[in-house]
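Enquirer: Below is upload-v7.cif; it holds mmCIF, C-alpha atoms (C1' of nucleotides).
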```cif
data_my_file
loop_
_atom_site.label_atom_id
_atom_site.label_comp_id
_atom_site.auth_asym_id
_atom_site.auth_seq_id
_atom_site.Cartn_x
_atom_site.Cartn_y
_atom_site.Cartn_z
CA MET A 1350 171.00 132.41 32.14
CA PRO A 1351 168.41 134.85 30.82
CA SER A 1352 167.59 137.82 33.02
CA ALA A 1353 164.14 138.36 34.45
CA GLU A 1354 163.60 141.20 32.00
CA SER A 1355 164.31 139.03 28.98
CA ALA A 1356 162.54 135.93 30.24
CA ALA A 1357 159.28 137.59 31.28
CA PRO A 1358 158.11 138.49 27.74
CA LEU A 1359 158.89 134.94 26.72
CA PHE A 1360 156.67 133.54 29.47
CA ALA A 1361 154.04 136.13 28.62
CA ALA A 1362 153.86 134.71 25.11
CA LEU A 1363 153.38 131.26 26.62
CA ALA A 1364 150.67 132.44 29.00
CA ASP A 1365 147.73 131.50 26.81
CA PRO A 1366 146.23 128.07 26.14
CA THR A 1367 145.52 128.89 22.50
CA ARG A 1368 149.13 129.83 21.90
CA LEU A 1369 150.37 126.73 23.71
CA ALA A 1370 148.14 124.63 21.50
CA LEU A 1371 149.52 126.35 18.41
CA LEU A 1372 153.09 125.67 19.50
CA LYS A 1373 152.29 122.07 20.18
CA ARG A 1374 150.75 121.61 16.76
CA LEU A 1375 153.81 123.18 15.17
CA ALA A 1376 156.10 120.90 17.17
CA ASP A 1377 155.81 118.26 14.47
CA GLY A 1378 158.20 120.34 12.42
CA GLN A 1379 155.78 121.12 9.66
CA PRO A 1380 155.25 124.82 8.83
CA ARG A 1381 151.61 125.76 8.30
CA PRO A 1382 149.65 128.72 6.95
CA ILE A 1383 147.20 130.57 9.20
CA VAL A 1384 144.08 128.97 7.80
CA ALA A 1385 145.39 125.51 8.54
CA LEU A 1386 146.12 126.53 12.13
CA ALA A 1387 142.80 128.31 12.52
CA ALA A 1388 140.92 125.23 11.34
CA GLY A 1389 141.05 123.36 14.62
CA SER A 1390 140.82 126.22 17.06
CA ALA A 1391 137.19 127.41 17.07
CA LEU A 1392 138.51 130.96 16.83
CA THR A 1393 138.42 133.53 14.06
CA ARG A 1394 141.25 133.61 11.59
CA GLN A 1395 142.07 137.09 12.86
CA ALA A 1396 142.32 135.88 16.43
CA VAL A 1397 144.72 133.11 15.42
CA SER A 1398 146.65 135.61 13.35
CA LYS A 1399 147.02 137.84 16.39
CA HIS A 1400 148.23 134.96 18.52
CA LEU A 1401 150.76 134.02 15.89
CA ALA A 1402 151.92 137.63 15.81
CA VAL A 1403 152.51 137.46 19.55
CA LEU A 1404 154.43 134.21 19.22
CA SER A 1405 156.43 135.65 16.36
CA GLY A 1406 157.16 138.77 18.36
CA ALA A 1407 158.51 136.63 21.17
CA GLY A 1408 160.66 134.74 18.68
CA LEU A 1409 158.91 131.46 19.40
CA VAL A 1410 157.75 131.13 15.82
CA ALA A 1411 159.18 132.05 12.43
CA ARG A 1412 157.15 133.77 9.69
CA ARG A 1413 157.89 132.87 6.11
CA PRO A 1414 155.60 134.42 3.46
CA ARG A 1415 155.28 132.24 0.40
CA GLY A 1416 153.02 133.29 -2.39
CA ARG A 1417 149.71 134.46 -1.04
CA GLU A 1418 150.09 132.55 2.20
CA THR A 1419 152.36 132.88 5.22
CA LEU A 1420 153.94 129.82 6.74
CA TYR A 1421 154.60 129.62 10.45
CA ALA A 1422 157.21 127.32 11.95
CA LEU A 1423 158.32 126.57 15.50
CA ARG A 1424 161.61 127.96 16.78
CA PRO A 1425 162.76 125.58 19.51
CA GLU A 1426 165.77 127.71 20.44
CA ARG A 1427 163.52 130.23 22.13
CA LEU A 1428 161.71 127.50 24.00
CA ALA A 1429 165.11 126.47 25.28
CA GLU A 1430 165.66 129.96 26.66
CA ALA A 1431 162.53 129.71 28.77
CA ARG A 1432 163.74 126.36 30.02
CA ALA A 1433 167.11 127.88 30.81
CA TRP A 1434 165.54 130.36 33.22
CA LEU A 1435 163.62 127.63 35.00
CA ASP A 1436 166.73 125.48 35.14
CA ASP A 1437 168.64 128.37 36.62
CA VAL A 1438 166.21 128.83 39.48
CA ALA A 1439 165.96 125.09 40.04
CA ALA A 1440 169.73 124.86 40.21
CA GLN A 1441 169.85 127.67 42.74
CA TRP A 1442 167.29 125.83 44.82
CA GLU A 1443 169.18 122.54 44.68
CA ASP A 1444 172.35 124.32 45.61
CA ALA A 1445 170.74 125.98 48.61
CA LEU A 1446 169.29 122.65 49.67
CA GLY A 1447 172.66 120.96 49.49
CA ARG A 1448 174.27 123.76 51.43
CA LEU A 1449 171.65 123.46 54.13
CA LYS A 1450 172.11 119.73 54.39
CA ALA A 1451 175.86 120.10 54.64
CA HIS A 1452 175.44 122.65 57.39
CA ILE A 1453 173.17 120.36 59.38
CA GLU A 1454 175.54 117.43 59.07
CA ALA A 1455 178.50 119.54 60.11
CA MET B 897 152.84 116.13 30.54
CA PRO B 898 150.63 119.05 31.62
CA SER B 899 147.86 120.10 29.27
CA ALA B 900 147.79 123.52 27.66
CA GLU B 901 144.92 124.50 29.96
CA SER B 902 146.87 123.69 33.10
CA ALA B 903 150.21 125.02 31.91
CA ALA B 904 148.98 128.40 30.66
CA PRO B 905 148.08 129.85 34.09
CA LEU B 906 151.47 128.72 35.30
CA PHE B 907 153.24 130.60 32.53
CA ALA B 908 150.94 133.56 33.15
CA ALA B 909 152.22 133.75 36.72
CA LEU B 910 155.76 133.75 35.35
CA ALA B 911 155.02 136.48 32.81
CA ASP B 912 156.21 139.38 34.93
CA PRO B 913 159.76 140.48 35.68
CA THR B 914 158.88 141.46 39.25
CA ARG B 915 157.50 138.02 39.97
CA LEU B 916 160.48 136.33 38.35
CA ALA B 917 162.74 138.39 40.57
CA LEU B 918 160.73 137.36 43.62
CA LEU B 919 161.02 133.70 42.72
CA LYS B 920 164.72 134.03 42.17
CA ARG B 921 165.20 135.64 45.56
CA LEU B 922 163.21 132.86 47.18
CA ALA B 923 165.29 130.25 45.39
CA ASP B 924 167.83 130.33 48.20
CA GLY B 925 165.40 128.28 50.24
CA GLN B 926 164.78 130.90 52.84
CA PRO B 927 161.15 131.88 53.48
CA ARG B 928 160.64 135.62 53.82
CA PRO B 929 157.88 137.98 54.94
CA ILE B 930 156.46 140.53 52.53
CA VAL B 931 158.39 143.50 53.89
CA ALA B 932 161.69 141.73 53.35
CA LEU B 933 160.72 141.00 49.75
CA ALA B 934 159.41 144.50 49.16
CA ALA B 935 162.64 146.02 50.46
CA GLY B 936 164.66 145.57 47.27
CA SER B 937 161.95 146.02 44.69
CA ALA B 938 161.23 149.79 44.50
CA LEU B 939 157.55 148.93 44.62
CA THR B 940 154.86 149.42 47.22
CA ARG B 941 154.34 146.72 49.79
CA GLN B 942 150.85 146.31 48.36
CA ALA B 943 152.14 145.73 44.87
CA VAL B 944 154.54 143.07 46.10
CA SER B 945 151.74 141.55 48.12
CA LYS B 946 149.59 141.31 45.01
CA HIS B 947 152.39 139.67 43.06
CA LEU B 948 152.88 137.16 45.83
CA ALA B 949 149.16 136.46 45.78
CA VAL B 950 149.41 135.68 42.07
CA LEU B 951 152.38 133.40 42.63
CA SER B 952 150.59 131.72 45.49
CA GLY B 953 147.49 131.28 43.37
CA ALA B 954 149.57 129.55 40.73
CA GLY B 955 151.08 127.31 43.39
CA LEU B 956 154.57 128.61 42.75
CA VAL B 957 154.89 129.89 46.29
CA ALA B 958 153.65 128.72 49.69
CA ARG B 959 152.06 131.05 52.24
CA ARG B 960 152.70 130.35 55.89
CA PRO B 961 151.33 132.93 58.35
CA ARG B 962 153.40 133.10 61.49
CA GLY B 963 152.52 135.60 64.14
CA ARG B 964 151.86 138.98 62.61
CA GLU B 965 153.82 138.22 59.47
CA THR B 966 153.33 135.88 56.55
CA LEU B 967 156.25 133.87 55.26
CA TYR B 968 156.52 133.04 51.59
CA ALA B 969 158.56 130.12 50.32
CA LEU B 970 159.34 128.78 46.85
CA ARG B 971 157.62 125.61 45.64
CA PRO B 972 159.97 124.06 43.10
CA GLU B 973 157.52 121.30 42.19
CA ARG B 974 155.38 123.75 40.30
CA LEU B 975 158.39 125.15 38.50
CA ALA B 976 159.07 121.60 37.41
CA GLU B 977 155.60 121.41 35.89
CA ALA B 978 156.32 124.38 33.67
CA ARG B 979 159.56 122.72 32.65
CA ALA B 980 157.68 119.53 31.91
CA TRP B 981 155.50 121.25 29.33
CA LEU B 982 158.51 122.77 27.59
CA ASP B 983 160.28 119.44 27.68
CA ASP B 984 157.25 117.78 26.17
CA VAL B 985 157.18 120.13 23.19
CA ALA B 986 160.94 119.92 22.77
CA ALA B 987 160.75 116.12 22.77
CA GLN B 988 158.03 116.22 20.14
CA TRP B 989 160.24 118.44 18.04
CA GLU B 990 163.27 116.21 18.38
CA ASP B 991 161.18 113.21 17.52
CA ALA B 992 159.84 114.85 14.38
CA LEU B 993 163.35 115.88 13.41
CA GLY B 994 164.64 112.34 13.80
CA ARG B 995 161.73 110.99 11.80
CA LEU B 996 162.43 113.44 9.00
CA LYS B 997 166.10 112.55 8.92
CA ALA B 998 165.30 108.86 8.79
CA HIS B 999 162.93 109.47 5.93
CA ILE B 1000 165.55 111.36 3.97
CA GLU B 1001 168.18 108.71 4.47
CA ALA B 1002 165.78 105.97 3.44
"C1'" DC C 759 139.54 139.09 -16.95
"C1'" DT C 760 136.90 137.65 -13.12
"C1'" DT C 761 136.57 135.42 -8.98
"C1'" DA C 762 137.88 133.31 -4.95
"C1'" DA C 763 141.39 132.44 -1.34
"C1'" DG C 764 144.92 133.91 2.10
"C1'" DG C 765 146.13 137.69 4.98
"C1'" DG C 766 147.21 142.29 6.67
"C1'" DC C 767 145.41 146.68 8.89
"C1'" DA C 768 142.50 149.31 11.82
"C1'" DA C 769 138.76 150.42 14.92
"C1'" DC C 770 136.11 149.08 18.69
"C1'" DT C 771 134.50 146.47 22.99
"C1'" DT C 772 135.17 144.04 27.10
"C1'" DA C 773 138.01 142.15 30.61
"C1'" DT C 774 142.04 141.79 33.12
"C1'" DC C 775 146.49 143.52 35.00
"C1'" DG C 776 149.79 146.31 37.54
"C1'" DG C 777 149.90 149.78 40.62
"C1'" DT C 778 148.36 153.18 44.00
"C1'" DT C 779 145.90 155.04 48.11
"C1'" DG C 780 143.17 154.65 52.28
"C1'" DC C 781 141.51 152.18 55.99
"C1'" DA C 782 140.92 148.29 59.10
"C1'" DT C 783 142.95 144.30 61.77
"C1'" DA C 784 146.09 141.58 64.33
"C1'" DT C 785 150.40 141.12 66.75
"C1'" DC C 786 154.67 142.41 69.00
"C1'" DT C 787 157.22 145.66 72.04
"C1'" DT C 788 157.95 148.72 75.81
"C1'" DA D 737 147.77 150.34 77.73
"C1'" DA D 738 150.06 152.58 73.85
"C1'" DG D 739 152.44 152.73 69.80
"C1'" DA D 740 154.65 150.65 66.19
"C1'" DT D 741 154.89 146.70 62.85
"C1'" DA D 742 153.12 143.46 59.31
"C1'" DT D 743 149.19 142.52 56.63
"C1'" DG D 744 144.77 142.27 54.55
"C1'" DC D 745 140.78 144.29 52.03
"C1'" DA D 746 138.53 147.35 48.81
"C1'" DA D 747 138.04 150.95 45.61
"C1'" DC D 748 139.95 153.22 41.93
"C1'" DC D 749 142.88 154.47 37.60
"C1'" DG D 750 145.47 153.80 33.33
"C1'" DA D 751 147.22 150.52 30.25
"C1'" DT D 752 147.20 146.39 27.88
"C1'" DA D 753 145.19 141.98 26.04
"C1'" DA D 754 141.83 139.00 23.68
"C1'" DG D 755 138.44 138.89 20.47
"C1'" DT D 756 135.31 140.60 16.97
"C1'" DT D 757 133.98 142.99 12.60
"C1'" DG D 758 134.76 145.39 8.31
"C1'" DC D 759 137.62 146.72 4.55
"C1'" DC D 760 141.53 146.42 1.36
"C1'" DC D 761 145.40 144.19 -1.02
"C1'" DT D 762 147.75 140.47 -3.26
"C1'" DT D 763 148.04 136.07 -5.41
"C1'" DA D 764 146.34 132.11 -7.47
"C1'" DA D 765 142.60 129.68 -10.50
"C1'" DG D 766 138.60 129.50 -13.69
#
```
Could I get this file's structure written as structure tokens?

Expert:
Amino acid sequence: MPSAESAAPLFAALADPTRLALLKRLADGQPRPIVALAAGSALTRQAVSKHLAVLSGAGLVARRPRGRETLYALRPERLAEARAWLDDVAAQWEDALGRLKAHIEA
Amino acid sequence: MPSAESAAPLFAALADPTRLALLKRLADGQPRPIVALAAGSALTRQAVSKHLAVLSGAGLVARRPRGRETLYALRPERLAEARAWLDDVAAQWEDALGRLKAHIEA
DNA sequence: CTTAAGGGCAACTTATCGGTTGCATATCTT
DNA sequence: AAGATATGCAACCGATAAGTTGCCCTTAAG
């Protein structure tokens, strides 16, 4: 169960439609260079590069320089951490709900 | 499966440790007024109020004015939407992984 | 060797965010 | 009625984020 302090930066990296789109495109498991990712996004290469830097900083994406290009690949483990926080809260909620129900029936 | 455009504002609301802490405190199912929530947070009542407004705007929390106070309660359905997006990407990833493995073994 | 392609770095602009302070409003309480 | 309680609204400040542009470096390709 990630703490609020560790989970917040993760959600912050996910708080942008462009970045979500990038992650989704990388979810097919194929690493891509920046130009390939910038192709479909109507943004400047620099803008995409910045977004990838944010994702990389949050650990959601892995950078692997190869030759003159840099390949970016999804890191699903970090996605799982974000899910873990949500699961944690949901579990707390379910637990509280069950407790309430039990109390009413008692 | 929520689109990137609809999921991003949701993640944006989650991108702050104070707000995550608020959600976690509300996960016990008990609606609370602002003062009660501001009590443990070392912040001004106004700051907490703003954070709650953000959470409310994202649909993560329900406002229910009662008398001179306003009760805030968690809305787990919206949390589930955030989870749905993460699940979607994770499923895509797993699928691609399986496809790759099948291709190798073929 | 010359040229083009892929990217990093840095400066700058605009907008938004988190937080504060001050004041006004509505509702309990005595 | 008077005072305290719980909020809301608005203005303001400092920091950060998104995006652009311009320049330089490295690596491939002719």

Enquirer: Can you tell me how far CA of Gly1408 in chain A sits from CA of Ser899 in chain B, in Å to one decimal?

Expert: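 Taking CA of Gly1408 in chain A and CA of Ser899 in chain B, their separation equals 22.1 Å.
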
Enquirer: Fewer than 3 positions away in the same chain doesn't count, so skip those; otherwise give me all residues within 12 Å of DA773 in chain C, counting only C-alpha atoms (C1' of nucleotides), as a ChimeraX atom specification.

Expert: /D:752-755

Enquirer: Generate a file of the selected residues that holds C-alpha atoms (C1' of nucleotides), formatted as a short mmCIF file (atom, residue, chain, number, x, y, z; two decimals), in the coordinates of the input.

Expert:
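Okay, this is what ended up in part-v5.cif:
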```
data_model
loop_
_atom_site.label_atom_id
_atom_site.label_comp_id
_atom_site.auth_asym_id
_atom_site.auth_seq_id
_atom_site.Cartn_x
_atom_site.Cartn_y
_atom_site.Cartn_z
"C1'" DT D 752 147.20 146.39 27.88
"C1'" DA D 753 145.19 141.98 26.04
"C1'" DA D 754 141.83 139.00 23.68
"C1'" DG D 755 138.44 138.89 20.47
#
```

Enquirer: Please write out chain B, superposed on chain A by least squares over all C-alpha atoms matched in order, as an mmCIF file with C-alpha atoms, keeping the file's coordinate frame.

Expert:
```
data_model
loop_
_atom_site.group_PDB
_atom_site.id
_atom_site.type_symbol
_atom_site.label_atom_id
_atom_site.label_comp_id
_atom_site.auth_asym_id
_atom_site.auth_seq_id
_atom_site.Cartn_x
_atom_site.Cartn_y
_atom_site.Cartn_z
ATOM 1 C CA MET B 897 171.009 132.293 32.092
ATOM 2 C CA PRO B 898 168.425 134.783 30.787
ATOM 3 C CA SER B 899 167.630 137.770 32.965
ATOM 4 C CA ALA B 900 164.183 138.328 34.416
ATOM 5 C CA GLU B 901 163.652 141.180 31.952
ATOM 6 C CA SER B 902 164.341 138.997 28.939
ATOM 7 C CA ALA B 903 162.567 135.902 30.212
ATOM 8 C CA ALA B 904 159.316 137.589 31.254
ATOM 9 C CA PRO B 905 158.123 138.489 27.727
ATOM 10 C CA LEU B 906 158.877 134.933 26.717
ATOM 11 C CA PHE B 907 156.688 133.538 29.474
ATOM 12 C CA ALA B 908 154.057 136.144 28.622
ATOM 13 C CA ALA B 909 153.853 134.725 25.106
ATOM 14 C CA LEU B 910 153.367 131.281 26.627
ATOM 15 C CA ALA B 911 150.650 132.466 29.008
ATOM 16 C CA ASP B 912 147.712 131.531 26.813
ATOM 17 C CA PRO B 913 146.217 128.107 26.170
ATOM 18 C CA THR B 914 145.493 128.924 22.524
ATOM 19 C CA ARG B 915 149.101 129.844 21.900
ATOM 20 C CA LEU B 916 150.350 126.765 23.722
ATOM 21 C CA ALA B 917 148.119 124.664 21.512
ATOM 22 C CA LEU B 918 149.505 126.385 18.427
ATOM 23 C CA LEU B 919 153.064 125.702 19.502
ATOM 24 C CA LYS B 920 152.264 122.099 20.197
ATOM 25 C CA ARG B 921 150.742 121.652 16.762
ATOM 26 C CA LEU B 922 153.805 123.213 15.183
ATOM 27 C CA ALA B 923 156.069 120.924 17.177
ATOM 28 C CA ASP B 924 155.790 118.279 14.479
ATOM 29 C CA GLY B 925 158.200 120.343 12.430
ATOM 30 C CA GLN B 926 155.780 121.147 9.690
ATOM 31 C CA PRO B 927 155.276 124.833 8.850
ATOM 32 C CA ARG B 928 151.642 125.771 8.321
ATOM 33 C CA PRO B 929 149.683 128.737 6.978
ATOM 34 C CA ILE B 930 147.232 130.568 9.207
ATOM 35 C CA VAL B 931 144.105 128.945 7.800
ATOM 36 C CA ALA B 932 145.436 125.487 8.562
ATOM 37 C CA LEU B 933 146.137 126.535 12.145
ATOM 38 C CA ALA B 934 142.803 128.283 12.520
ATOM 39 C CA ALA B 935 140.952 125.200 11.295
ATOM 40 C CA GLY B 936 141.027 123.298 14.586
ATOM 41 C CA SER B 937 140.810 126.164 17.024
ATOM 42 C CA ALA B 938 137.151 127.340 17.013
ATOM 43 C CA LEU B 939 138.458 130.880 16.772
ATOM 44 C CA THR B 940 138.403 133.480 14.038
ATOM 45 C CA ARG B 941 141.245 133.547 11.572
ATOM 46 C CA GLN B 942 142.021 137.027 12.866
ATOM 47 C CA ALA B 943 142.302 135.848 16.431
ATOM 48 C CA VAL B 944 144.695 133.089 15.427
ATOM 49 C CA SER B 945 146.624 135.585 13.358
ATOM 50 C CA LYS B 946 147.002 137.839 16.379
ATOM 51 C CA HIS B 947 148.210 134.960 18.521
ATOM 52 C CA LEU B 948 150.748 134.038 15.890
ATOM 53 C CA ALA B 949 151.895 137.645 15.810
ATOM 54 C CA VAL B 950 152.492 137.483 19.558
ATOM 55 C CA LEU B 951 154.413 134.237 19.231
ATOM 56 C CA SER B 952 156.410 135.672 16.374
ATOM 57 C CA GLY B 953 157.141 138.796 18.375
ATOM 58 C CA ALA B 954 158.499 136.653 21.178
ATOM 59 C CA GLY B 955 160.641 134.758 18.689
ATOM 60 C CA LEU B 956 158.901 131.485 19.421
ATOM 61 C CA VAL B 957 157.731 131.150 15.844
ATOM 62 C CA ALA B 958 159.176 132.074 12.449
ATOM 63 C CA ARG B 959 157.160 133.806 9.731
ATOM 64 C CA ARG B 960 157.919 132.911 6.147
ATOM 65 C CA PRO B 961 155.624 134.460 3.517
ATOM 66 C CA ARG B 962 155.326 132.275 0.465
ATOM 67 C CA GLY B 963 153.059 133.320 -2.330
ATOM 68 C CA ARG B 964 149.727 134.454 -0.983
ATOM 69 C CA GLU B 965 150.118 132.572 2.270
ATOM 70 C CA THR B 966 152.384 132.918 5.268
ATOM 71 C CA LEU B 967 153.970 129.844 6.772
ATOM 72 C CA TYR B 968 154.616 129.655 10.484
ATOM 73 C CA ALA B 969 157.213 127.343 11.971
ATOM 74 C CA LEU B 970 158.311 126.577 15.528
ATOM 75 C CA ARG B 971 161.617 127.960 16.803
ATOM 76 C CA PRO B 972 162.768 125.567 19.510
ATOM 77 C CA GLU B 973 165.768 127.709 20.435
ATOM 78 C CA ARG B 974 163.525 130.217 22.119
ATOM 79 C CA LEU B 975 161.699 127.487 23.983
ATOM 80 C CA ALA B 976 165.094 126.440 25.260
ATOM 81 C CA GLU B 977 165.646 129.931 26.635
ATOM 82 C CA ALA B 978 162.525 129.682 28.749
ATOM 83 C CA ARG B 979 163.736 126.319 29.982
ATOM 84 C CA ALA B 980 167.100 127.836 30.782
ATOM 85 C CA TRP B 981 165.559 130.329 33.185
ATOM 86 C CA LEU B 982 163.616 127.612 34.984
ATOM 87 C CA ASP B 983 166.706 125.452 35.120
ATOM 88 C CA ASP B 984 168.663 128.330 36.570
ATOM 89 C CA VAL B 985 166.224 128.827 39.436
ATOM 90 C CA ALA B 986 165.957 125.093 40.028
ATOM 91 C CA ALA B 987 169.749 124.825 40.190
ATOM 92 C CA GLN B 988 169.878 127.662 42.693
ATOM 93 C CA TRP B 989 167.324 125.839 44.785
ATOM 94 C CA GLU B 990 169.179 122.550 44.677
ATOM 95 C CA ASP B 991 172.376 124.304 45.579
ATOM 96 C CA ALA B 992 170.790 125.982 48.581
ATOM 97 C CA LEU B 993 169.302 122.672 49.655
ATOM 98 C CA GLY B 994 172.670 120.949 49.481
ATOM 99 C CA ARG B 995 174.286 123.769 51.411
ATOM 100 C CA LEU B 996 171.661 123.505 54.126
ATOM 101 C CA LYS B 997 172.092 119.763 54.405
ATOM 102 C CA ALA B 998 175.844 120.120 54.666
ATOM 103 C CA HIS B 999 175.416 122.682 57.390
ATOM 104 C CA ILE B 1000 173.145 120.406 59.375
ATOM 105 C CA GLU B 1001 175.472 117.455 59.109
ATOM 106 C CA ALA B 1002 178.442 119.556 60.156
#
```

Enquirer: Could you give me, as a compact mmCIF listing (two decimals) with C-alpha atoms (C1' of nucleotides), keeping the file's coordinate frame, the residues within 9 Å of DC786 in chain C, counting only C-alpha atoms (C1' of nucleotides) and dropping anything in the same chain fewer than 2 positions from it?

Expert:
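Here's the written file out-v8.txt:
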```txt
# COMPACT_ATOMS: atom_id res chain seq x y z
CA GLY B 963 152.52 135.60 64.14
CA ARG B 964 151.86 138.98 62.61
C1' DA D 740 154.65 150.65 66.19
C1' DT D 741 154.89 146.70 62.85
```

Enquirer: Using all atoms listed in the file, determine which residues of chain B fall within 10 Å of chain C; present them as number ranges by chain.

Expert: B: 912, 939-940, 942-944, 946-947, 963-965

Enquirer: Could you tell me, as a PyMOL selection string, exactly which residues end up selected when the PyMOL selection byres ((chain B) within 7 of (chain A)) is applied to this structure?

Expert: chain B and resi 900-901+904-905+907-908+910-913+916-917+920+923-925+972+975+979+982+985-986+988-989+992-993

Enquirer: Take CA of Ala969 in chain B and CA of Val957 in chain B and report the distance between them in Å, one decimal.

Expert: 5.5 Å

Enquirer: I'd like the residues picked by the PyMOL selection byres ((chain D) within 12 of (chain B)) written out as a ChimeraX atom specification, using the chain letters and numbers from the file.

Expert: /D:741-745

Enquirer: How many Å separate CA of Arg974 in chain B from CA of Gly1447 in chain A?

Expert: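 Separation of CA of Arg974 in chain B and CA of Gly1447 in chain A: 19.8 Å.
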
Enquirer: Can you list what the PyMOL selection byres ((chain B and resi 928) around 6) grabs from this structure, as a list in words?

Expert: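 Applied to this file, the PyMOL selection byres ((chain B and resi 928) around 6) selects Pro927, Pro929, Leu967 and Tyr968 of chain B.
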